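The structure file protein06.tsv is reproduced below (TSV, C-alpha atoms and all ligand atoms).
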chain	number	residue	atom	x	y	z
A	1	MET	CA	162.78	97.66	24.25
A	2	ASN	CA	166.03	99.05	23.00
A	3	GLY	CA	167.02	102.45	24.32
A	4	ALA	CA	168.34	105.13	21.97
A	5	GLY	CA	171.98	104.68	21.11
A	6	THR	CA	172.15	101.06	22.27
A	7	HIS	CA	175.06	99.43	20.49
A	8	THR	CA	175.93	95.75	20.80
A	9	LEU	CA	178.61	93.65	19.12
A	10	PHE	CA	177.98	89.90	18.94
A	11	THR	CA	181.11	87.84	18.34
A	12	ASN	CA	182.39	84.25	18.41
A	13	LEU	CA	179.61	82.94	16.20
A	14	THR	CA	178.90	81.43	12.81
A	15	ALA	CA	176.35	83.49	10.88
A	16	ALA	CA	173.94	81.81	8.46
A	17	THR	CA	172.97	85.16	6.96
A	18	MET	CA	170.74	83.63	4.23
A	19	ALA	CA	171.91	86.49	2.01
A	20	ASP	CA	172.02	85.77	-1.73
A	21	GLY	CA	175.35	84.75	-3.21
A	22	ALA	CA	177.55	81.80	-3.97
A	23	VAL	CA	178.09	80.69	-0.37
A	24	PRO	CA	175.51	78.15	0.90
A	25	TYR	CA	173.29	79.65	3.61
A	26	GLY	CA	175.25	82.90	3.23
A	27	LEU	CA	177.49	81.32	5.86
A	28	ILE	CA	180.22	83.39	7.54
A	29	GLU	CA	182.56	81.56	9.94
A	30	ASP	CA	183.98	83.41	12.94
A	31	ALA	CA	181.63	86.28	12.26
A	32	ALA	CA	180.67	89.43	14.11
A	33	ILE	CA	177.28	91.14	14.06
A	34	ALA	CA	176.95	94.76	15.14
A	35	VAL	CA	173.55	95.99	16.20
A	36	LYS	CA	172.50	99.56	16.78
A	37	ASP	CA	169.09	100.83	17.91
A	38	GLY	CA	167.44	97.53	17.08
A	39	TYR	CA	168.89	97.22	13.59
A	40	VAL	CA	171.85	95.30	12.20
A	41	CYS	CA	174.55	97.80	11.23
A	42	TRP	CA	177.35	95.43	10.20
A	43	VAL	CA	177.85	91.69	9.53
A	44	GLY	CA	181.06	90.02	8.39
A	45	PRO	CA	184.17	88.11	9.42
A	46	ARG	CA	185.20	89.30	12.88
A	47	CYS	CA	188.69	90.25	11.66
A	48	ASP	CA	187.13	92.74	9.22
A	49	ALA	CA	184.89	94.51	11.75
A	50	PRO	CA	185.39	98.27	11.38
A	51	ALA	CA	186.48	100.23	14.44
A	52	SER	CA	183.14	102.01	14.39
A	53	CYS	CA	181.63	98.66	15.43
A	54	ASP	CA	183.39	98.87	18.78
A	55	ALA	CA	180.32	98.74	20.92
A	56	ALA	CA	179.41	99.54	24.47
A	57	THR	CA	178.25	95.95	24.96
A	58	HIS	CA	180.03	92.82	23.75
A	59	VAL	CA	178.23	89.48	23.66
A	60	ASP	CA	180.32	86.33	23.17
A	61	LEU	CA	178.14	83.62	21.60
A	62	ALA	CA	180.63	80.80	22.29
A	63	GLY	CA	180.84	79.57	18.70
A	64	ARG	CA	177.09	79.13	18.25
A	65	LEU	CA	175.18	79.42	14.97
A	66	VAL	CA	173.10	82.56	14.37
A	67	THR	CA	170.30	82.73	11.80
A	68	PRO	CA	167.74	85.41	11.05
A	69	GLY	CA	164.78	85.08	13.43
A	70	LEU	CA	162.38	82.55	11.94
A	71	ILE	CA	159.18	83.76	10.28
A	72	ASP	CA	155.99	81.67	10.25
A	73	CYS	CA	154.27	83.33	7.29
A	74	HIS	CA	150.94	81.42	7.28
A	75	THR	CA	148.99	80.59	10.44
A	76	HIS	CA	145.43	80.50	11.73
A	77	ILE	CA	146.73	80.49	15.29
A	78	VAL	CA	143.82	82.53	16.72
A	79	HIS	CA	140.82	80.18	16.88
A	80	GLY	CA	138.39	78.61	19.31
A	81	GLY	CA	138.11	74.91	20.13
A	82	ASP	CA	139.73	71.94	18.46
A	83	ARG	CA	138.80	69.28	15.91
A	84	ALA	CA	140.27	66.12	17.44
A	85	VAL	CA	137.00	64.30	16.72
A	86	GLU	CA	137.36	65.02	13.00
A	87	PHE	CA	140.87	63.60	13.20
A	88	GLU	CA	139.31	60.38	14.51
A	89	MET	CA	136.68	60.46	11.76
A	90	ARG	CA	139.31	60.85	9.06
A	91	LEU	CA	141.25	57.92	10.45
A	92	LYS	CA	138.06	55.87	10.05
A	93	GLY	CA	137.82	56.88	6.39
A	94	ALA	CA	135.90	60.18	6.23
A	95	SER	CA	137.53	62.74	3.94
A	96	TYR	CA	138.30	66.39	4.80
A	97	GLU	CA	135.97	67.47	2.01
A	98	ASN	CA	133.08	65.22	3.13
A	99	ILE	CA	133.37	66.44	6.70
A	100	ALA	CA	133.32	70.05	5.44
A	101	ARG	CA	130.28	69.44	3.21
A	102	ALA	CA	128.46	67.81	6.17
A	103	GLY	CA	128.78	71.01	8.22
A	104	GLY	CA	131.97	70.11	10.07
A	105	GLY	CA	135.38	71.43	9.16
A	106	ILE	CA	135.96	75.16	9.12
A	107	VAL	CA	132.32	75.86	10.01
A	108	SER	CA	132.63	73.88	13.27
A	109	THR	CA	135.62	76.01	14.31
A	110	VAL	CA	133.51	79.07	13.44
A	111	LYS	CA	130.98	78.02	16.10
A	112	ALA	CA	133.71	77.60	18.70
A	113	THR	CA	135.36	80.90	17.77
A	114	ARG	CA	132.12	82.91	17.82
A	115	SER	CA	131.37	81.68	21.32
A	116	ALA	CA	134.86	82.41	22.69
A	117	SER	CA	135.65	85.72	24.40
A	118	ALA	CA	138.58	87.84	23.22
A	119	GLU	CA	140.35	86.99	26.50
A	120	ARG	CA	139.95	83.28	25.90
A	121	LEU	CA	141.03	83.51	22.25
A	122	LEU	CA	144.10	85.47	23.33
A	123	SER	CA	145.15	83.15	26.16
A	124	ASP	CA	144.72	80.06	23.95
A	125	ALA	CA	146.65	81.65	21.08
A	126	LEU	CA	149.47	82.81	23.37
A	127	ARG	CA	150.09	79.24	24.50
A	128	ARG	CA	150.61	78.27	20.87
A	129	VAL	CA	152.64	81.38	20.04
A	130	ASP	CA	154.94	80.64	22.98
A	131	VAL	CA	155.86	77.31	21.40
A	132	LEU	CA	156.92	79.15	18.23
A	133	ILE	CA	158.83	81.79	20.18
A	134	ALA	CA	160.72	78.99	21.93
A	135	GLU	CA	161.79	77.82	18.46
A	136	GLY	CA	163.31	81.15	17.50
A	137	VAL	CA	160.30	82.60	15.66
A	138	THR	CA	160.33	86.41	15.72
A	139	CYS	CA	157.52	87.13	13.25
A	140	ILE	CA	154.23	85.42	12.60
A	141	GLU	CA	151.35	85.97	10.21
A	142	ILE	CA	147.86	85.43	11.64
A	143	LYS	CA	144.67	85.11	9.62
A	144	SER	CA	141.07	85.77	10.53
A	145	GLY	CA	138.46	83.53	8.89
A	146	TYR	CA	136.87	81.64	11.76
A	147	GLY	CA	134.36	84.39	12.53
A	148	LEU	CA	132.63	84.87	9.19
A	149	ASP	CA	130.55	87.64	10.73
A	150	THR	CA	131.72	91.19	11.30
A	151	GLU	CA	131.87	91.04	15.07
A	152	THR	CA	133.92	87.84	15.29
A	153	GLU	CA	136.26	88.62	12.37
A	154	LEU	CA	137.13	91.93	14.06
A	155	ARG	CA	137.57	90.17	17.41
A	156	MET	CA	140.01	87.68	15.88
A	157	LEU	CA	142.06	90.45	14.27
A	158	ARG	CA	142.15	92.51	17.48
A	159	VAL	CA	143.38	89.43	19.32
A	160	ALA	CA	146.05	88.94	16.64
A	161	ARG	CA	147.24	92.52	17.18
A	162	ALA	CA	147.18	91.99	20.97
A	163	ILE	CA	149.65	89.12	20.61
A	164	ALA	CA	152.35	91.57	19.53
A	165	VAL	CA	151.59	93.67	22.61
A	166	ASN	CA	151.80	90.69	24.98
A	167	ARG	CA	154.86	88.99	23.53
A	168	PRO	CA	158.16	90.05	21.89
A	169	ILE	CA	157.06	89.01	18.43
A	170	ARG	CA	156.04	90.80	15.27
A	171	VAL	CA	152.54	90.06	13.94
A	172	LYS	CA	151.24	90.57	10.42
A	173	THR	CA	147.53	90.01	9.89
A	174	ALA	CA	145.58	88.68	6.94
A	175	PHE	CA	141.83	89.14	6.54
A	176	LEU	CA	140.39	85.76	5.52
A	177	GLY	CA	136.66	86.49	5.43
A	178	ALA	CA	136.50	84.43	2.22
A	179	HIS	CA	137.40	81.23	4.07
A	180	ALA	CA	134.01	79.45	4.10
A	181	THR	CA	130.34	80.31	3.88
A	182	PRO	CA	128.77	80.41	7.36
A	183	ALA	CA	125.67	78.31	8.08
A	184	GLU	CA	123.32	81.32	8.03
A	185	TYR	CA	124.33	81.97	4.39
A	186	ALA	CA	124.16	78.32	3.26
A	187	ASP	CA	123.83	78.16	-0.54
A	188	ARG	CA	124.10	81.95	-0.73
A	189	ASP	CA	127.88	82.26	-1.16
A	190	ASP	CA	127.58	85.36	-3.34
A	191	ASP	CA	125.40	87.13	-0.78
A	192	TYR	CA	127.90	86.28	1.92
A	193	ILE	CA	130.80	87.71	-0.12
A	194	ASP	CA	128.98	90.92	-1.04
A	195	ASN	CA	126.99	91.59	2.14
A	196	VAL	CA	129.30	90.31	4.88
A	197	CYS	CA	132.83	89.57	3.71
A	198	ILE	CA	133.58	92.76	1.76
A	199	PRO	CA	131.88	95.19	4.21
A	200	THR	CA	133.73	93.45	7.07
A	201	LEU	CA	137.02	93.86	5.23
A	202	ARG	CA	136.34	97.59	4.96
A	203	ALA	CA	135.49	97.83	8.66
A	204	ALA	CA	138.60	95.90	9.68
A	205	HIS	CA	140.77	98.05	7.43
A	206	ALA	CA	139.26	101.23	8.90
A	207	GLU	CA	140.34	99.99	12.32
A	208	GLY	CA	143.90	99.35	11.10
A	209	LEU	CA	143.55	95.61	11.57
A	210	VAL	CA	144.46	94.36	8.09
A	211	ASP	CA	147.93	93.95	6.57
A	212	ALA	CA	146.84	91.71	3.68
A	213	VAL	CA	143.76	90.02	2.24
A	214	ASP	CA	143.52	86.26	1.80
A	215	GLY	CA	140.92	83.81	0.48
A	216	PHE	CA	140.27	80.09	0.12
A	217	CYS	CA	139.83	79.31	-3.58
A	218	GLU	CA	138.64	75.72	-3.78
A	219	GLY	CA	135.74	73.50	-4.82
A	220	ILE	CA	134.57	73.34	-1.18
A	221	ALA	CA	135.14	77.07	-0.66
A	222	PHE	CA	135.01	80.03	-3.09
A	223	GLN	CA	135.24	80.23	-6.87
A	224	PRO	CA	137.74	82.51	-8.65
A	225	ALA	CA	135.01	85.01	-9.61
A	226	GLN	CA	134.02	85.39	-5.95
A	227	ILE	CA	137.62	85.75	-4.80
A	228	ALA	CA	138.15	88.35	-7.54
A	229	ARG	CA	135.44	90.55	-5.98
A	230	VAL	CA	137.20	90.37	-2.62
A	231	PHE	CA	140.53	91.16	-4.29
A	232	ASP	CA	138.95	94.16	-6.09
A	233	ALA	CA	137.86	95.46	-2.69
A	234	ALA	CA	141.39	94.88	-1.35
A	235	ARG	CA	142.89	96.73	-4.28
A	236	ALA	CA	140.58	99.71	-3.67
A	237	LEU	CA	141.92	99.83	-0.10
A	238	ASN	CA	145.51	99.49	-1.31
A	239	LEU	CA	145.96	96.19	0.50
A	240	PRO	CA	148.14	93.36	-0.86
A	241	VAL	CA	146.52	89.99	-1.52
A	242	LYS	CA	147.44	86.32	-1.16
A	243	LEU	CA	145.48	83.12	-1.68
A	244	HIS	CA	144.94	79.54	-0.48
A	245	ALA	CA	145.19	78.04	-3.95
A	246	GLU	CA	145.30	74.61	-5.56
A	247	GLN	CA	145.30	72.77	-2.23
A	248	LEU	CA	142.83	69.99	-3.09
A	249	SER	CA	142.20	70.63	-6.78
A	250	ASN	CA	143.15	73.09	-9.52
A	251	ILE	CA	140.54	75.73	-10.26
A	252	GLY	CA	143.02	78.41	-11.34
A	253	GLY	CA	143.55	80.11	-7.98
A	254	ALA	CA	147.26	80.78	-8.38
A	255	LYS	CA	146.70	82.34	-11.79
A	256	LEU	CA	144.03	84.61	-10.35
A	257	ALA	CA	146.31	85.55	-7.44
A	258	ALA	CA	149.10	86.35	-9.90
A	259	GLN	CA	146.74	88.60	-11.88
A	260	TYR	CA	146.34	90.67	-8.73
A	261	GLY	CA	150.10	90.73	-8.08
A	262	ALA	CA	149.66	88.56	-4.98
A	263	LEU	CA	152.39	88.38	-2.37
A	264	SER	CA	151.93	84.62	-2.22
A	265	ALA	CA	149.92	81.60	-3.34
A	266	ASP	CA	149.79	79.02	-0.57
A	267	HIS	CA	149.46	75.18	-0.48
A	268	ILE	CA	149.60	74.76	-4.31
A	269	GLU	CA	149.82	70.95	-4.28
A	270	HIS	CA	147.78	70.83	-7.51
A	271	LEU	CA	149.49	73.77	-9.24
A	272	ASP	CA	150.48	73.23	-12.90
A	273	GLU	CA	153.26	74.80	-14.97
A	274	THR	CA	151.02	77.57	-16.36
A	275	GLY	CA	150.22	78.58	-12.81
A	276	VAL	CA	153.90	78.44	-11.84
A	277	MET	CA	154.79	80.72	-14.75
A	278	ALA	CA	152.02	83.16	-13.85
A	279	MET	CA	153.42	83.33	-10.33
A	280	LYS	CA	156.94	83.87	-11.64
A	281	ASN	CA	155.82	86.76	-13.84
A	282	ALA	CA	153.91	88.38	-11.00
A	283	GLY	CA	156.69	87.96	-8.41
A	284	THR	CA	154.37	85.81	-6.28
A	285	THR	CA	156.01	83.62	-3.63
A	286	ALA	CA	154.97	79.96	-3.24
A	287	VAL	CA	154.15	79.07	0.36
A	288	ILE	CA	154.63	75.36	1.05
A	289	LEU	CA	152.55	73.92	3.92
A	290	PRO	CA	153.66	70.36	4.67
A	291	GLY	CA	151.61	70.16	7.89
A	292	ALA	CA	148.31	70.16	5.97
A	293	PHE	CA	149.61	67.68	3.38
A	294	TYR	CA	150.72	65.37	6.18
A	295	THR	CA	147.58	65.72	8.30
A	296	LEU	CA	145.20	65.13	5.40
A	297	ARG	CA	147.41	62.29	4.15
A	298	GLU	CA	147.47	63.89	0.71
A	299	THR	CA	149.44	62.16	-2.02
A	300	GLN	CA	149.95	64.94	-4.56
A	301	ALA	CA	153.05	66.94	-3.56
A	302	PRO	CA	153.52	70.55	-4.66
A	303	PRO	CA	155.49	70.95	-7.94
A	304	ILE	CA	158.84	71.73	-6.31
A	305	ASP	CA	160.86	71.03	-9.48
A	306	LEU	CA	158.71	73.41	-11.54
A	307	LEU	CA	159.04	76.12	-8.89
A	308	ARG	CA	162.82	75.66	-9.00
A	309	LYS	CA	162.89	75.53	-12.80
A	310	HIS	CA	161.07	78.86	-13.09
A	311	GLY	CA	162.78	80.49	-10.12
A	312	VAL	CA	159.67	81.02	-8.00
A	313	PRO	CA	160.78	81.71	-4.41
A	314	MET	CA	159.55	79.12	-1.92
A	315	ALA	CA	158.51	79.92	1.63
A	316	LEU	CA	157.39	77.37	4.21
A	317	ALA	CA	155.01	77.71	7.16
A	318	THR	CA	153.07	75.74	9.77
A	319	ASP	CA	149.54	76.67	8.57
A	320	ASN	CA	148.76	76.19	12.29
A	321	ASN	CA	144.99	75.58	12.40
A	322	PRO	CA	142.68	73.20	14.26
A	323	GLY	CA	141.52	71.28	11.17
A	324	SER	CA	144.00	70.53	8.43
A	325	SER	CA	147.26	71.39	10.17
A	326	PRO	CA	147.47	71.18	13.97
A	327	LEU	CA	151.23	71.70	13.56
A	328	HIS	CA	152.76	73.80	16.33
A	329	SER	CA	156.41	73.37	15.44
A	330	LEU	CA	158.00	75.26	12.58
A	331	LEU	CA	161.17	73.19	13.03
A	332	LEU	CA	159.16	70.02	12.44
A	333	GLY	CA	157.76	71.78	9.37
A	334	LEU	CA	161.32	72.17	8.06
A	335	ASN	CA	161.91	68.46	8.47
A	336	MET	CA	158.60	67.63	6.76
A	337	GLY	CA	159.45	69.94	3.85
A	338	CYS	CA	162.66	67.97	3.27
A	339	THR	CA	161.32	64.49	3.87
A	340	LEU	CA	157.90	64.78	2.24
A	341	PHE	CA	158.70	67.14	-0.65
A	342	GLY	CA	162.43	66.78	-1.27
A	343	ILE	CA	163.12	70.43	-0.48
A	344	THR	CA	166.74	70.89	0.62
A	345	PRO	CA	167.63	72.02	4.16
A	346	GLU	CA	168.95	75.27	2.71
A	347	GLU	CA	165.68	75.84	0.81
A	348	THR	CA	163.59	75.13	3.90
A	349	LEU	CA	165.65	77.54	6.01
A	350	ARG	CA	165.35	80.16	3.28
A	351	GLY	CA	161.63	79.36	3.31
A	352	VAL	CA	161.26	80.46	6.93
A	353	THR	CA	163.59	83.46	6.64
A	354	GLN	CA	164.23	85.34	3.41
A	355	ASN	CA	161.30	83.95	1.41
A	356	ALA	CA	158.86	84.06	4.33
A	357	ALA	CA	159.66	87.77	4.61
A	358	ARG	CA	158.97	88.08	0.90
A	359	ALA	CA	155.62	86.30	1.31
A	360	LEU	CA	154.69	88.94	3.90
A	361	GLY	CA	156.05	91.88	1.92
A	362	LEU	CA	158.66	92.62	4.61
A	363	ALA	CA	161.75	94.45	3.37
A	364	ASP	CA	163.45	94.62	6.77
A	365	ALA	CA	163.60	90.97	7.86
A	366	GLY	CA	164.62	87.49	6.76
A	367	VAL	CA	168.33	88.02	6.09
A	368	LEU	CA	171.19	89.05	8.35
A	369	VAL	CA	172.65	92.06	6.57
A	370	ALA	CA	173.12	95.69	7.50
A	371	GLY	CA	169.87	97.64	7.56
A	372	MET	CA	167.66	94.76	8.68
A	373	ARG	CA	165.86	94.52	12.00
A	374	ALA	CA	168.06	92.74	14.55
A	375	ASP	CA	165.72	89.75	14.92
A	376	MET	CA	167.92	86.67	15.27
A	377	ALA	CA	167.93	83.12	16.55
A	378	VAL	CA	170.98	81.65	18.30
A	379	TRP	CA	171.32	77.88	18.04
A	380	ASP	CA	173.37	75.25	19.84
A	381	ILE	CA	174.37	73.62	16.56
A	382	THR	CA	177.30	73.90	14.20
A	383	HIS	CA	175.65	73.39	10.78
A	384	PRO	CA	172.34	74.95	9.68
A	385	ALA	CA	171.14	71.67	8.08
A	386	GLU	CA	170.66	70.39	11.65
A	387	LEU	CA	167.56	72.57	11.90
A	388	SER	CA	165.86	70.42	9.24
A	389	TYR	CA	167.47	67.12	10.08
A	390	ARG	CA	166.44	66.50	13.67
A	391	ILE	CA	162.89	65.44	14.49
A	392	GLY	CA	161.26	66.69	17.68
A	393	PHE	CA	164.36	68.40	19.03
A	394	ASN	CA	164.73	72.11	19.65
A	395	PRO	CA	168.33	73.37	19.67
A	396	LEU	CA	167.46	77.04	20.29
A	397	HIS	CA	169.87	78.73	22.70
A	398	SER	CA	168.33	82.20	22.69
A	399	ARG	CA	166.41	84.67	20.63
A	400	ILE	CA	167.27	88.29	19.91
A	401	PHE	CA	164.29	90.52	19.16
A	402	GLY	CA	164.90	94.06	17.95
A	403	GLY	CA	168.50	93.78	19.16
A	404	THR	CA	167.48	92.68	22.66
A	405	PRO	CA	168.42	89.18	23.85
B	501	LIG	N1	143.25	75.78	4.14
B	501	LIG	C1	143.80	75.40	5.27
B	501	LIG	O1	144.75	74.69	5.35
B	501	LIG	C2	143.09	76.01	6.38
B	501	LIG	N2	142.21	76.87	5.70
B	501	LIG	C3	142.32	76.68	4.42
B	501	LIG	O2	141.67	77.32	3.62
B	501	LIG	C4	142.37	74.96	7.15
B	501	LIG	C5	141.09	75.39	7.72
B	501	LIG	C6	140.45	74.37	8.60
B	501	LIG	O3	140.31	73.17	8.26
B	501	LIG	O4	140.02	74.77	9.70
B	502	FE	FE	145.77	78.03	5.78

In structure tokens, what does this structure look like?
Amino acid sequence: MNGAGTHTLFTNLTAATMADGAVPYGLIEDAAIAVKDGYVCWVGPRCDAPASCDAATHVDLAGRLVTPGLIDCHTHIVHGGDRAVEFEMRLKGASYENIARAGGGIVSTVKATRSASAERLLSDALRRVDVLIAEGVTCIEIKSGYGLDTETELRMLRVARAIAVNRPIRVKTAFLGAHATPAEYADRDDDYIDNVCIPTLRAAHAEGLVDAVDGFCEGIAFQPAQIARVFDAARALNLPVKLHAEQLSNIGGAKLAAQYGALSADHIEHLDETGVMAMKNAGTTAVILPGAFYTLRETQAPPIDLLRKHGVPMALATDNNPGSSPLHSLLLGLNMGCTLFGITPEETLRGVTQNAARALGLADAGVLVAGMRADMAVWDITHPAELSYRIGFNPLHSRIFGGTP
């Protein structure tokens, strides 16, 4: 941790600040970044650095590129087991939806998660989190939703919180009790929502385990009216909401999310222009998840042009989960966003910095400007587009978390 009064000046670097403005990537050549007590206090061309920036510690970054620390704003990284067998089944022709309806899918990960101890869930998740940390990720969102009973949902969220204690990374949680109906409530979705999901949300909130409330609004999951009841409960607790919407079909999830002022609507492959406009009006961020699109070999891409046309901010994330997106690399996600969806390298980088922060409601991360947390990634590259362009290569030099390298 950073001691009081710690003051560091980073020089000999190119800063991709991702700040808004005319300059692509908010790029500043030959920049300096001053950090005090874990926060950025000045960023600009080195020659303009005020004398007050003269710090106790100087760090020469040898011409490297510095970006904000990356943010993976949508993951299910705490879970038991794996679903490699379903991967084999899909390759033989079974669909994700058919596997789910036959009792596989999310419900099979629920079995594995219920039977896993907190220690096991934590050690498995840390192995995956370490891969993200090695790619310059400094903040991650983690959802519950593989417990679907009070005990296991709380265990998942406690494990998510424990990750931030065990590693230098920030964790935001999302309660995803409305992910699927567990076997013991088969054909009683409404009972599950009212008697398990909502009371569990209240219990998790009382324990300080919930930063936001999520749901899966889909033909194979929950209907808008059921999600609305969960969102009403969230609203009563003063918690922000977000939604898995329009992933496999369009049943109006994004519009519902927008009605509740959602932070984000995620997946949105089947989103239409009315939904895009509702998101725009509500200030809801679109979270693009190319790992799930790729894994499920979907063909309908999210409406990137409509999101651009209406100025809806786009974030991008791994959706790390054992079923639809066993993607462990956010950098590969950047490449997929460009290649599969035609998102530009600048948009993808903004999607894992500024707009990912927006999707999590974070006002102190995602851009390198004074006042932000000093969470940064230092790369052995000269142009930020390289982060999207390479496949299976990690150019991270080092990571700075709360001002500490
Ligand atoms: N959409 C997803 O991509 C994850 N959950 C969801 O609602 C996948 C869940 C899984 O298949 O385990
Ligand atoms: Fe997801």

Would you write out, as JSON lines, a table of all residues in chain A that have an atom no more than 7 Å from an atom of ligand FE 502 (chain B), listing for each the closest atom pair and the distance in Å to one decimal, considering all atoms listed in the file and ordering rows by chain and rising residue number?
{"residue": "A:His74", "atom": "CA", "partner": "B:FE502", "partner_atom": "FE", "distance": 6.4}
{"residue": "A:Thr75", "atom": "CA", "partner": "B:FE502", "partner_atom": "FE", "distance": 6.2}
{"residue": "A:His76", "atom": "CA", "partner": "B:FE502", "partner_atom": "FE", "distance": 6.5}
{"residue": "A:His244", "atom": "CA", "partner": "B:FE502", "partner_atom": "FE", "distance": 6.5}
{"residue": "A:Asp319", "atom": "CA", "partner": "B:FE502", "partner_atom": "FE", "distance": 4.9}

Just want the residues within 6 Å of ligand LIG 501 (chain B), written as a PDB file with C-alpha atoms, in the coordinates of the input, counting only C-alpha atoms and all ligand atoms.
ATOM      1  CA  GLY A 105     135.380  71.430   9.160  1.00  0.00           C
ATOM      2  CA  ILE A 106     135.960  75.160   9.120  1.00  0.00           C
ATOM      3  CA  HIS A 179     137.400  81.230   4.070  1.00  0.00           C
ATOM      4  CA  PHE A 216     140.270  80.090   0.120  1.00  0.00           C
ATOM      5  CA  HIS A 244     144.940  79.540  -0.480  1.00  0.00           C
ATOM      6  CA  ALA A 292     148.310  70.160   5.970  1.00  0.00           C
ATOM      7  CA  ASN A 321     144.990  75.580  12.400  1.00  0.00           C
ATOM      8  CA  PRO A 322     142.680  73.200  14.260  1.00  0.00           C
ATOM      9  CA  GLY A 323     141.520  71.280  11.170  1.00  0.00           C
ATOM     10  CA  SER A 324     144.000  70.530   8.430  1.00  0.00           C
TER      11      SER A 324
END

Go through A:Lys242, A:Arg229, A:Arg170, A:Arg308 and flag the residue nearest Tyr192 in chain A, using all atoms listed in the file for the distances. A:Arg229

Nearest to Ala102 in chain A: which of A:Ala183, A:Ala118, A:His328, A:Asn335 is it, counting all atoms listed in the file?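 For Ala102 in chain A, the nearest of the given residues is A:Ala183.
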
Extending 8 Å beyond the listed atoms of range 230-239 of chain A on each side, what axis-aligned box results? I want centre and edge lengths in Å to one decimal, as JSON.
{"center_x": 141.6, "center_y": 95.1, "center_z": -2.8, "size_x": 24.8, "size_y": 25.5, "size_z": 22.6}

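Among the candidate residues A:Leu70, A:Val78, A:Cys217, A:Leu340, the one lying nearest to Arg297 in chain A is A:Leu340, with distances computed using all atoms listed in the file.
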
So what do you get for CA of Leu368 in chain A versus CA of Gly333 in chain A, distance-wise? 21.9 Å

Spatial neighbours of Tyr146 in chain A, max dist 10 Å, all atoms listed in the file, sep filter under 6 positions, as a PyMOL selection string: chain A and resi 76+78-80+106-114+152-153+156+176-180+182

Quick one: of A:Asp72, A:Asp380, A:Asp54, A:Glu184, who's nearest to Thr353 in chain A, counting all atoms listed in the file?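 When distances to Thr353 in chain A are compared using all atoms listed in the file, the smallest one comes from A:Asp72.
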
Pick from A:Leu296, A:Cys73, A:Ala164, A:Ala22, whichever lies nearest to Ala265 in chain A using only C-alpha atoms: A:Cys73
